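Text of the file run08.txt, holding compact mmCIF, C-alpha atoms and all ligand atoms:
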# COMPACT_ATOMS: atom_id res chain seq x y z
CA MET A 1 -1.27 5.09 43.82
CA ASP A 2 0.06 8.63 43.39
CA LEU A 3 1.34 7.80 39.91
CA LEU A 4 -2.09 6.80 38.65
CA ASN A 5 -3.86 9.77 40.25
CA THR A 6 -1.34 12.08 38.58
CA LEU A 7 -1.77 10.38 35.21
CA VAL A 8 -5.57 10.53 35.37
CA ASP A 9 -5.44 14.23 36.22
CA LYS A 10 -3.09 14.89 33.33
CA GLY A 11 -5.13 12.75 30.92
CA LEU A 12 -8.32 14.62 31.77
CA ARG A 13 -6.48 17.89 31.07
CA ARG A 14 -4.79 16.54 27.87
CA GLU A 15 -1.44 17.13 29.50
CA LEU A 16 1.62 15.11 28.48
CA PRO A 17 3.00 12.78 31.17
CA THR A 18 6.72 12.74 31.74
CA ARG A 19 8.85 9.96 30.25
CA GLU A 20 9.45 8.70 33.78
CA GLU A 21 5.72 8.43 34.41
CA ALA A 22 5.19 6.54 31.13
CA LEU A 23 8.03 4.17 32.00
CA ALA A 24 6.57 3.68 35.47
CA VAL A 25 3.27 2.48 33.94
CA LEU A 26 5.16 -0.21 32.02
CA ALA A 27 7.00 -1.19 35.23
CA THR A 28 3.86 -1.74 37.34
CA SER A 29 3.28 -5.24 38.68
CA ASP A 30 0.56 -7.69 37.75
CA ASP A 31 -0.96 -7.05 41.20
CA GLU A 32 -1.48 -3.41 40.15
CA LEU A 33 -2.88 -4.21 36.71
CA LEU A 34 -6.56 -3.63 37.42
CA ASP A 35 -5.75 -0.29 39.06
CA VAL A 36 -3.79 0.73 35.95
CA VAL A 37 -6.64 -0.31 33.64
CA ALA A 38 -9.21 1.49 35.80
CA ALA A 39 -7.15 4.69 35.80
CA ALA A 40 -6.54 4.71 32.04
CA GLY A 41 -10.19 3.75 31.57
CA LYS A 42 -11.23 7.02 33.21
CA VAL A 43 -9.23 8.93 30.62
CA ARG A 44 -10.66 6.82 27.78
CA ARG A 45 -14.24 7.45 28.97
CA ARG A 46 -13.63 11.19 29.37
CA TRP A 47 -12.82 11.59 25.68
CA PHE A 48 -14.62 8.68 24.00
CA GLY A 49 -17.33 7.50 26.40
CA ARG A 50 -18.09 3.80 26.03
CA ARG A 51 -18.03 3.91 22.24
CA VAL A 52 -15.96 1.49 20.14
CA LYS A 53 -15.20 2.40 16.56
CA LEU A 54 -14.97 -0.53 14.14
CA ASN A 55 -12.54 -0.47 11.23
CA TYR A 56 -12.34 -2.97 8.40
CA LEU A 57 -9.22 -3.93 6.49
CA VAL A 58 -9.18 -4.64 2.77
CA ASN A 59 -5.85 -5.92 1.51
CA LEU A 60 -5.74 -4.57 -2.03
CA LYS A 61 -2.43 -6.24 -2.92
CA SER A 62 -0.90 -9.00 -0.86
CA GLY A 63 2.67 -10.23 -0.53
CA LEU A 64 5.52 -9.87 -3.04
CA CYS A 65 6.93 -6.77 -1.34
CA PRO A 66 10.49 -5.67 -2.18
CA GLU A 67 11.01 -4.20 1.32
CA ASP A 68 12.50 -6.23 4.18
CA CYS A 69 10.53 -5.31 7.31
CA SER A 70 11.41 -8.16 9.66
CA TYR A 71 7.98 -8.47 11.24
CA CYS A 72 6.09 -8.64 7.98
CA SER A 73 4.77 -11.79 6.35
CA GLN A 74 4.72 -9.97 3.00
CA ARG A 75 8.39 -8.99 3.09
CA LEU A 76 11.11 -9.79 0.62
CA GLY A 77 12.12 -13.41 1.18
CA SER A 78 9.20 -14.22 3.47
CA LYS A 79 8.53 -17.95 3.64
CA ALA A 80 5.15 -17.42 5.27
CA GLU A 81 2.49 -19.18 3.23
CA ILE A 82 0.22 -16.18 2.93
CA LEU A 83 -2.14 -15.26 0.11
CA LYS A 84 -0.28 -13.52 -2.69
CA TYR A 85 -2.15 -11.49 -5.27
CA THR A 86 -1.86 -8.27 -7.18
CA TRP A 87 -4.27 -5.30 -7.15
CA LEU A 88 -7.94 -6.03 -6.53
CA LYS A 89 -10.21 -4.36 -9.06
CA PRO A 90 -12.32 -1.46 -7.72
CA ASP A 91 -15.50 -3.55 -7.75
CA GLU A 92 -13.79 -6.42 -5.90
CA ALA A 93 -12.44 -4.05 -3.26
CA SER A 94 -15.80 -2.32 -2.98
CA LYS A 95 -17.53 -5.67 -2.42
CA ALA A 96 -15.07 -6.55 0.33
CA ALA A 97 -15.52 -3.12 1.92
CA ALA A 98 -19.31 -3.48 1.82
CA ALA A 99 -19.08 -6.64 3.92
CA GLY A 100 -17.19 -4.73 6.61
CA VAL A 101 -19.64 -1.84 6.55
CA ALA A 102 -22.55 -4.27 6.82
CA GLY A 103 -20.82 -5.75 9.87
CA GLY A 104 -20.74 -2.34 11.56
CA ALA A 105 -17.46 -0.84 10.35
CA LYS A 106 -17.36 2.92 10.16
CA ARG A 107 -14.01 3.05 8.43
CA VAL A 108 -12.53 0.98 5.62
CA CYS A 109 -8.73 0.74 5.46
CA LEU A 110 -7.38 0.10 1.96
CA VAL A 111 -3.92 -1.41 2.25
CA ALA A 112 -1.37 -2.44 -0.36
CA SER A 113 2.00 -4.07 0.11
CA GLY A 114 5.03 -2.36 -1.37
CA ARG A 115 7.46 0.47 -0.75
CA GLY A 116 5.01 3.02 -2.02
CA PRO A 117 2.52 3.59 -4.83
CA THR A 118 3.29 4.56 -8.40
CA ASP A 119 1.15 7.30 -9.89
CA ARG A 120 -0.74 4.54 -11.73
CA ASP A 121 -1.37 2.84 -8.38
CA VAL A 122 -2.76 6.09 -7.02
CA ASP A 123 -5.15 6.15 -10.01
CA ARG A 124 -6.30 2.61 -9.22
CA VAL A 125 -6.84 3.40 -5.57
CA SER A 126 -8.65 6.61 -6.44
CA LYS A 127 -11.11 4.59 -8.57
CA THR A 128 -11.52 2.15 -5.70
CA ILE A 129 -12.26 4.96 -3.24
CA GLU A 130 -14.85 6.36 -5.63
CA ALA A 131 -16.47 2.92 -6.01
CA ILE A 132 -16.65 2.47 -2.24
CA LYS A 133 -18.07 5.94 -1.62
CA GLU A 134 -20.67 5.48 -4.37
CA GLN A 135 -22.03 2.51 -2.45
CA ASN A 136 -21.50 3.81 1.08
CA GLU A 137 -21.56 7.57 1.14
CA ASP A 138 -20.85 7.88 4.85
CA VAL A 139 -18.00 5.43 5.18
CA GLU A 140 -14.59 6.82 6.07
CA VAL A 141 -11.80 5.61 3.80
CA CYS A 142 -8.20 5.37 4.94
CA ALA A 143 -5.45 4.55 2.44
CA CYS A 144 -2.28 2.77 3.43
CA LEU A 145 -0.01 2.42 0.46
CA GLY A 146 3.47 2.97 1.89
CA LEU A 147 5.79 5.90 1.32
CA LEU A 148 4.23 8.73 -0.67
CA SER A 149 5.89 10.77 -3.41
CA ASP A 150 5.25 14.43 -4.06
CA GLY A 151 1.66 15.19 -4.96
CA GLN A 152 0.28 11.74 -4.19
CA ALA A 153 -1.24 12.70 -0.84
CA GLU A 154 -3.10 15.57 -2.49
CA ARG A 155 -4.40 13.26 -5.22
CA LEU A 156 -5.65 10.72 -2.71
CA ARG A 157 -7.37 13.46 -0.71
CA ALA A 158 -9.00 14.78 -3.87
CA ALA A 159 -10.23 11.26 -4.65
CA GLY A 160 -12.01 11.16 -1.30
CA ALA A 161 -9.52 9.54 1.05
CA ASP A 162 -10.32 10.75 4.56
CA ALA A 163 -7.19 9.42 6.18
CA TYR A 164 -3.77 7.98 5.51
CA ASN A 165 -2.00 5.38 7.62
CA HIS A 166 1.71 4.99 7.96
CA ASN A 167 3.04 3.54 11.19
CA LEU A 168 6.29 4.49 12.90
CA ASN A 169 6.25 0.97 14.37
CA THR A 170 9.16 1.29 16.79
CA SER A 171 11.66 3.79 18.16
CA GLU A 172 14.06 5.58 15.86
CA ALA A 173 16.96 3.90 17.66
CA THR A 174 15.71 0.39 16.91
CA TYR A 175 14.56 0.92 13.33
CA GLY A 176 17.79 -0.22 11.80
CA GLY A 177 17.47 -3.62 13.41
CA ILE A 178 14.02 -4.12 11.94
CA THR A 179 14.27 -2.84 8.37
CA THR A 180 17.11 -1.85 6.08
CA THR A 181 15.27 -0.75 2.95
CA HIS A 182 13.76 2.49 4.16
CA THR A 183 14.23 4.86 7.07
CA TYR A 184 12.41 6.18 10.08
CA ALA A 185 12.74 9.65 8.57
CA ASP A 186 10.99 8.40 5.40
CA ARG A 187 8.09 7.28 7.54
CA VAL A 188 7.82 10.52 9.45
CA GLU A 189 7.84 12.44 6.18
CA THR A 190 4.95 10.44 4.74
CA VAL A 191 2.82 11.04 7.85
CA GLN A 192 3.52 14.75 7.53
CA GLN A 193 2.69 14.73 3.81
CA ALA A 194 -0.68 13.15 4.59
CA GLN A 195 -1.40 15.79 7.23
CA ALA A 196 -0.34 18.62 4.93
CA ALA A 197 -2.78 17.36 2.29
CA GLY A 198 -5.65 17.58 4.78
CA MET A 199 -5.94 13.88 5.46
CA SER A 200 -6.35 12.62 8.98
CA ALA A 201 -3.11 10.93 9.97
CA CYS A 202 -3.07 7.45 11.45
CA SER A 203 0.25 6.23 12.77
CA GLY A 204 1.07 3.64 15.38
CA LEU A 205 3.41 1.00 16.64
CA ILE A 206 4.13 -2.70 16.88
CA ALA A 207 5.01 -4.01 20.34
CA GLY A 208 6.70 -7.31 21.02
CA MET A 209 9.63 -7.12 18.59
CA GLY A 210 12.26 -7.33 21.35
CA GLU A 211 12.21 -3.62 22.13
CA SER A 212 12.85 -2.16 25.59
CA ASP A 213 10.40 -0.16 27.68
CA ALA A 214 12.41 2.94 26.75
CA ASP A 215 11.90 2.16 23.05
CA LEU A 216 8.15 1.84 23.55
CA VAL A 217 8.01 5.15 25.38
CA ASP A 218 10.20 6.74 22.68
CA VAL A 219 7.95 5.71 19.82
CA VAL A 220 4.77 6.73 21.65
CA PHE A 221 6.25 10.15 22.51
CA SER A 222 7.35 10.51 18.87
CA LEU A 223 3.82 9.71 17.78
CA ARG A 224 2.41 12.22 20.20
CA GLY A 225 4.79 14.78 18.68
CA LEU A 226 3.51 13.99 15.17
CA ASP A 227 -0.05 14.33 16.49
CA PRO A 228 -1.91 11.72 14.41
CA ASP A 229 -5.65 11.45 15.00
CA SER A 230 -5.41 7.72 15.51
CA VAL A 231 -2.74 5.43 16.92
CA PRO A 232 -3.02 1.72 16.13
CA VAL A 233 -1.29 -0.46 18.70
CA ASN A 234 -0.22 -3.73 17.10
CA PHE A 235 1.21 -6.70 18.95
CA LEU A 236 3.65 -8.65 16.83
CA ILE A 237 2.19 -11.72 15.19
CA PRO A 238 5.32 -13.89 14.95
CA PHE A 239 4.71 -15.46 11.56
CA GLU A 240 6.63 -18.63 10.76
CA GLY A 241 8.85 -17.83 7.78
CA THR A 242 9.78 -14.34 9.00
CA PRO A 243 12.89 -13.26 10.97
CA LEU A 244 10.84 -12.47 14.09
CA ALA A 245 9.05 -15.84 14.20
CA LYS A 246 10.62 -16.70 17.57
CA GLU A 247 9.76 -13.38 19.27
CA TRP A 248 7.06 -14.39 21.71
CA ASN A 249 7.70 -11.61 24.24
CA LEU A 250 4.25 -10.49 25.27
CA THR A 251 1.93 -11.52 28.07
CA PRO A 252 -1.68 -10.33 28.20
CA GLN A 253 -0.72 -8.23 31.22
CA ARG A 254 2.14 -6.53 29.42
CA ALA A 255 -0.06 -5.86 26.39
CA LEU A 256 -2.58 -4.14 28.69
CA ARG A 257 0.14 -2.05 30.36
CA ILE A 258 1.36 -0.94 26.92
CA LEU A 259 -2.17 0.09 25.90
CA ALA A 260 -2.60 1.99 29.17
CA MET A 261 0.67 3.84 28.62
CA VAL A 262 -0.42 4.81 25.10
CA ARG A 263 -3.74 6.07 26.45
CA PHE A 264 -2.03 8.24 29.09
CA VAL A 265 0.36 9.73 26.52
CA CYS A 266 -2.33 10.19 23.84
CA PRO A 267 -5.46 10.77 25.96
CA ASP A 268 -7.75 12.34 23.35
CA VAL A 269 -6.52 10.38 20.32
CA GLU A 270 -8.24 7.36 18.80
CA VAL A 271 -6.23 4.50 20.26
CA ARG A 272 -6.87 1.44 18.13
CA LEU A 273 -6.43 -2.08 19.37
CA ALA A 274 -4.94 -3.58 16.22
CA GLY A 275 -3.24 -6.75 14.98
CA GLY A 276 -2.24 -9.45 17.40
CA ARG A 277 -4.96 -8.78 19.99
CA GLU A 278 -6.37 -12.29 19.77
CA VAL A 279 -2.89 -13.85 19.83
CA HIS A 280 -1.51 -11.94 22.82
CA LEU A 281 -4.47 -10.71 24.88
CA ARG A 282 -6.53 -13.83 24.33
CA SER A 283 -9.29 -14.03 26.99
CA MET A 284 -8.20 -10.63 28.37
CA GLN A 285 -9.33 -8.78 25.21
CA PRO A 286 -12.42 -7.25 26.86
CA LEU A 287 -10.23 -5.42 29.40
CA ALA A 288 -8.45 -3.72 26.51
CA LEU A 289 -11.72 -2.04 25.53
CA HIS A 290 -11.34 0.09 28.68
CA LEU A 291 -8.14 1.49 27.13
CA ALA A 292 -8.64 1.51 23.35
CA ASN A 293 -11.70 3.11 21.74
CA SER A 294 -11.30 1.46 18.36
CA ILE A 295 -10.63 -2.02 16.96
CA PHE A 296 -10.43 -3.84 13.65
CA LEU A 297 -13.42 -5.99 12.86
CA GLY A 298 -12.75 -9.52 11.63
CA ASP A 299 -9.56 -10.44 9.79
CA TYR A 300 -6.21 -8.69 9.31
CA LEU A 301 -4.15 -8.35 6.15
CA THR A 302 -2.59 -11.78 6.06
CA SER A 303 -3.89 -13.43 9.24
CA GLU A 304 -7.34 -14.30 10.48
CA GLY A 305 -8.87 -12.59 13.48
CA GLN A 306 -11.69 -13.92 15.58
CA GLU A 307 -15.12 -14.06 13.98
CA GLY A 308 -16.68 -10.64 13.42
CA LYS A 309 -19.73 -11.78 15.41
CA ALA A 310 -17.43 -12.59 18.35
CA ASP A 311 -16.01 -9.04 18.17
CA LEU A 312 -19.52 -7.59 18.39
CA ALA A 313 -20.51 -9.91 21.23
CA MET A 314 -17.34 -9.03 23.14
CA ILE A 315 -18.11 -5.29 22.87
CA GLU A 316 -21.67 -5.77 24.09
CA ASP A 317 -20.75 -8.16 26.90
CA ALA A 318 -18.08 -5.77 28.17
CA GLY A 319 -20.66 -2.97 28.40
CA PHE A 320 -19.48 -0.93 25.43
CA GLU A 321 -21.33 0.09 22.27
CA VAL A 322 -20.40 0.12 18.59
CA GLU A 323 -20.00 3.70 17.40
CA GLY A 324 -22.65 4.65 14.86
CA ALA A 325 -21.95 6.16 11.45
CA GLY A 326 -23.46 9.50 12.48
CA THR A 327 -21.21 9.91 15.51
CA THR A 328 -18.02 11.94 15.54
CA THR A 329 -15.24 9.72 16.83
CA LEU A 330 -12.83 12.40 17.89
CA PRO A 331 -13.46 14.85 20.73
CA GLN A 332 -14.83 18.12 19.35
CA HIS A 333 -11.56 20.07 19.72
CA ARG A 334 -9.73 17.53 17.56
CA ALA A 335 -12.53 17.22 14.99
CA ASP A 336 -12.57 21.03 14.68
CA ALA A 337 -8.79 21.17 14.23
CA LEU A 338 -8.95 18.51 11.50
CA ALA A 339 -11.74 20.31 9.70
CA GLU A 340 -9.71 23.54 9.79
CA ALA A 341 -6.77 21.66 8.26
CA GLY A 342 -8.95 20.65 5.33
CA GLY A 343 -9.94 17.16 6.41
CA SER A 344 -13.39 15.72 6.90
CA ALA A 345 -14.67 16.25 10.39
CA CYS A 346 -16.51 12.99 10.22
CA GLY A 347 -14.60 11.59 13.09
CA GLY A 348 -12.02 8.97 13.85
CA HIS A 349 -9.10 8.27 11.72
CA GLY A 350 -6.50 6.00 10.39
CA GLY A 351 -5.46 2.46 10.76
CA GLY A 352 -3.76 -0.25 8.99
CA GLY A 353 -1.21 0.25 6.45
CA CYS A 354 1.39 -2.17 5.62
CA GLY A 355 1.53 -2.37 9.36
CA PRO A 356 -1.89 -2.46 10.94
CA CYS A 357 -1.86 -6.07 11.75
CA GLY A 358 1.38 -6.94 13.34
CA ASP A 359 2.66 -7.28 9.82
CA GLY A 360 3.41 -3.83 8.45
CA GLY A 361 6.08 -1.21 7.58
CA ALA A 362 9.45 -0.26 9.08
CA GLU A 363 12.74 1.50 8.73
CA SER A 364 16.34 1.43 7.87
CA ALA A 365 19.57 0.83 9.68
CA ALA A 366 21.51 2.16 6.78
CA ALA A 367 20.18 5.60 7.51
CA THR A 368 20.24 5.54 11.26
CA GLY A 369 23.37 3.49 11.75
CA THR A 370 21.70 1.71 14.63
CA ALA A 371 21.95 -1.85 15.80
CA ALA A 372 19.33 -4.47 16.59
CA PRO A 373 16.70 -3.70 19.23
CA ALA A 374 18.20 -3.30 22.67
CA PRO A 375 17.03 -5.62 25.44
CA ALA A 376 14.68 -4.20 28.08
CA GLU A 377 16.43 -2.75 31.14
CA VAL A 378 14.21 -5.04 33.18
CA PRO A 379 13.50 -7.96 30.88
CA ALA A 380 9.80 -8.40 30.24
CA PRO A 381 8.44 -11.83 31.13
CA ALA A 382 8.49 -14.19 28.19
CA GLY A 383 5.13 -14.63 26.58
CA GLU A 384 3.58 -17.97 25.88
CA VAL A 385 4.29 -19.43 22.45
CA ARG A 386 0.87 -19.75 20.81
CA THR A 387 1.57 -20.62 17.20
CA ASP A 388 -1.81 -22.36 17.27
CA LEU A 389 -3.41 -18.89 17.33
CA VAL A 390 -1.63 -17.67 14.19
CA ALA A 391 -3.85 -18.53 11.24
CA VAL A 392 -2.99 -17.38 7.75
CA ARG A 393 -5.94 -15.62 6.15
CA ARG A 394 -7.67 -17.87 3.63
CA ARG A 395 -10.95 -16.02 3.16
CA GLY A 396 -12.20 -12.64 2.01
CA ALA A 397 -10.25 -10.38 -0.37
CA GLY A 398 -8.23 -12.31 -2.93
CA THR A 399 -10.20 -15.55 -2.41
CA ASP A 400 -13.56 -16.96 -3.45
CA LEU A 401 -14.64 -17.35 0.16
CA PRO A 402 -16.85 -14.81 1.95
CA PRO A 403 -15.01 -12.31 4.18
CA ASN A 404 -15.12 -12.40 7.97
CA ALA A 405 -17.06 -9.35 9.03
S1 LIG A 501 5.53 -3.72 6.15
FE1 LIG A 501 4.89 -2.93 4.15
S2 LIG A 501 6.81 -2.21 3.20
FE2 LIG A 501 7.40 -3.54 4.92
S3 LIG A 501 7.65 -5.57 3.98
FE3 LIG A 501 5.54 -5.45 4.74
S4 LIG A 501 4.30 -4.78 2.99
FE4 LIG A 501 6.45 -4.34 2.54

For the structure just supplied, provide its representation as structure tokens.
Ligand code: SF4
Amino acid sequence: MDLLNTLVDKGLRRELPTREEALAVLATSDDELLDVVAAAGKVRRRWFGRRVKLNYLVNLKSGLCPEDCSYCSQRLGSKAEILKYTWLKPDEASKAAAAGVAGGAKRVCLVASGRGPTDRDVDRVSKTIEAIKEQNEDVEVCACLGLLSDGQAERLRAAGADAYNHNLNTSEATYGGITTTHTYADRVETVQQAQAAGMSACSGLIAGMGESDADLVDVVFSLRGLDPDSVPVNFLIPFEGTPLAKEWNLTPQRALRILAMVRFVCPDVEVRLAGGREVHLRSMQPLALHLANSIFLGDYLTSEGQEGKADLAMIEDAGFEVEGAGTTTLPQHRADALAEAGGSACGGHGGGGCGPCGDGGAESAAATGTAAPAPAEVPAPAGEVRTDLVAVRRRGAGTDLPPNA
């Protein structure tokens, strides 16, 4: 297919596809799916080989959020029966992080619900970062604490945070239909603050919220413009008790096409297969490893993933390898650019946030004056309703049960 040959050539040269080309990837048929995966896989292997970076989420503070992000089980008014707890102590968080590192994680993502941290919260998280780094000198730490105020990014960087996650989640035009308590512009600003402080930026999206193909392309092009080092691709986990509980819009094939489109638009960026992979890709998960070079190990913030051992077996069976702690995730040109900006050149970046799991951050209609997400020009096929695959997390951080890692 001419389209795919063109996209591979551009991906190998780190050249941006056109919007039309990105839309055309999303419009390919199921008969063309393996060709699309093979083409995007060439780009993935050019920049990341067969390596898979593992990231591990620690939910420092769960539920009770005053924000109203429609997709989030921790939102204001959520009826989802998730774990609710306030800040983990540094030693508790460090213990949870150690389980992920022992399971092979190279990065720990420290996430807290809420609009954004107070200065006291930044102190707490700084102590937690220090506790984690004392035990695991080489581990990368990403903080995801919501919207940052002046000076907070610098303080987190000084405390040892390597990266900061804040997802854009969806297109600017659809933000108002998803969240009313903060704006798309707020989110962009926080990503830029993190970058200015020398942290590696991680910012991604959530697919499956009723958005159109054009919205997906918009948010991915916006992300490319922001130039984060990692882009988590979440697939909505439609939690019962949230406004988007009935949004089962994704098929495994569509999820793969979305990942391929992200890879073509962001060829040399860490593309992370994030929340919702088990729910929406199901038995097709191994194919996604040809597109993404990074995944979360084990559980998500408020939902359970497949067993950590199953993640490792899947990677091995699919012919990929877990990226070692001594390996630089990013291609050299990106690692060098990050080091010049004042960040650690240790490699990959980002992930999580109140949004790395199909249940994280969003934006405001009040600011954008926009309506609910527009329907796709060509409606995507309805996905299968698999509420049986949505399991509220009952183990790990905030419980007495061992974590899944
Ligand atoms: S995504 Fe973050 S800010 Fe939004 S409701 Fe959930 S925890 Fe709160």

Item to check | Polymer residues at most 10 Å from stretch 381-395 of chain A, only C-alpha atoms, same-chain spacing of 6 or more positions, as a PyMOL selection string | outcome: chain A and resi 73+80-83+208+237-240+245-254+276+278-280+282+299-306+401-404

Item to check | Residue contacts of A:Arg272 (8 Å, only C-alpha atoms) excluding same-chain residues fewer than 3 positions away, as number ranges by chain | outcome: A: 230-233, 292-296, 351

Find the axis-aligned box for stretch 58-62 of chain A, covering all its listed atoms and adding 3 Å on each side, and write its centre and edge lengths in Å to one decimal as JSON.
{"center_x": -5.0, "center_y": -6.8, "center_z": -0.1, "size_x": 14.3, "size_y": 10.4, "size_z": 11.7}

Checklist entry - Can you list, as a PyMOL selection string, every protein, DNA or RNA residue that comes within 12 Å of A:Glu134 when you count all atoms listed in the file, leaving out same-chain residues fewer than 5 positions away? => result chain A and resi 90-91+94-95+97-98+127-129+139+159-160

Item to check | Exercise: A:Ala194 partners within 9 Å, all atoms listed in the file, chain neighbours under 2 positions left out, as a ChimeraX atom specification | outcome: /A:148,152-154,157,163-165,189-192,196-201

Checklist entry - How many Å separate atom CA of A:Val25 from atom CA of A:Val220? => result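 That distance, rounded to one decimal, is 13.1 Å.
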
Next on the checklist: One decimal, in Å: what's the spacing between atom CA of A:Leu244 and atom CA of A:Gly210?
Outcome noted: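 Separating atom CA of A:Leu244 from atom CA of A:Gly210 is a distance of 9.0 Å.
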
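Using all atoms listed in the file, the shortest contact distance between ligand LIG 501 (chain A) and any of A:Asp123, A:Asp68, A:Glu211, A:Asp268 is found at A:Asp68.
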
Next on the checklist: Taking 6 positions as the minimum chain separation for residues in the same chain, which residues sit within 8 Å of A:Ala93 when counting only C-alpha atoms? Answer as JSON, numbers by chain.
Outcome noted: {"A": [58, 60, 128, 132, 397]}

Item to check | Best match for closeness to ligand LIG 501 (chain A) among A:Leu16, A:Val52, A:Leu236, A:Ala38, counting all atoms listed in the file | outcome: A:Leu236

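Using all atoms listed in the file, the nearest neighbour of A:Gln74 within the list A:Gly241, A:Gly11, A:Gly49, A:Gly103 is A:Gly241.
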
Checklist entry - Interatomic distance between atom CA of A:Leu273 and atom CA of A:Asp138? => result 22.8 Å

Checklist entry - Nearest to ligand LIG 501 (chain A) among A:Leu147, A:Leu4, A:Val37, A:Ala161, with distances taken over only C-alpha atoms and all ligand atoms: which residue is it? => result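 Ranked by minimum distance to ligand LIG 501 (chain A), first place goes to A:Leu147.
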
Item to check | Selected residue, from A:Asp311, A:Glu67, A:Asp400, A:Asp218, that lies nearest to ligand LIG 501 (chain A) when counting only C-alpha atoms and all ligand atoms | outcome: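 Using only C-alpha atoms and all ligand atoms, the shortest distance to ligand LIG 501 (chain A) belongs to A:Glu67.
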
Next on the checklist: So, with all atoms listed in the file as the atoms that count, which of A:Met284, A:Cys69, A:Ala27, A:Leu3 lies closest to ligand LIG 501 (chain A)?
Outcome noted: A:Cys69
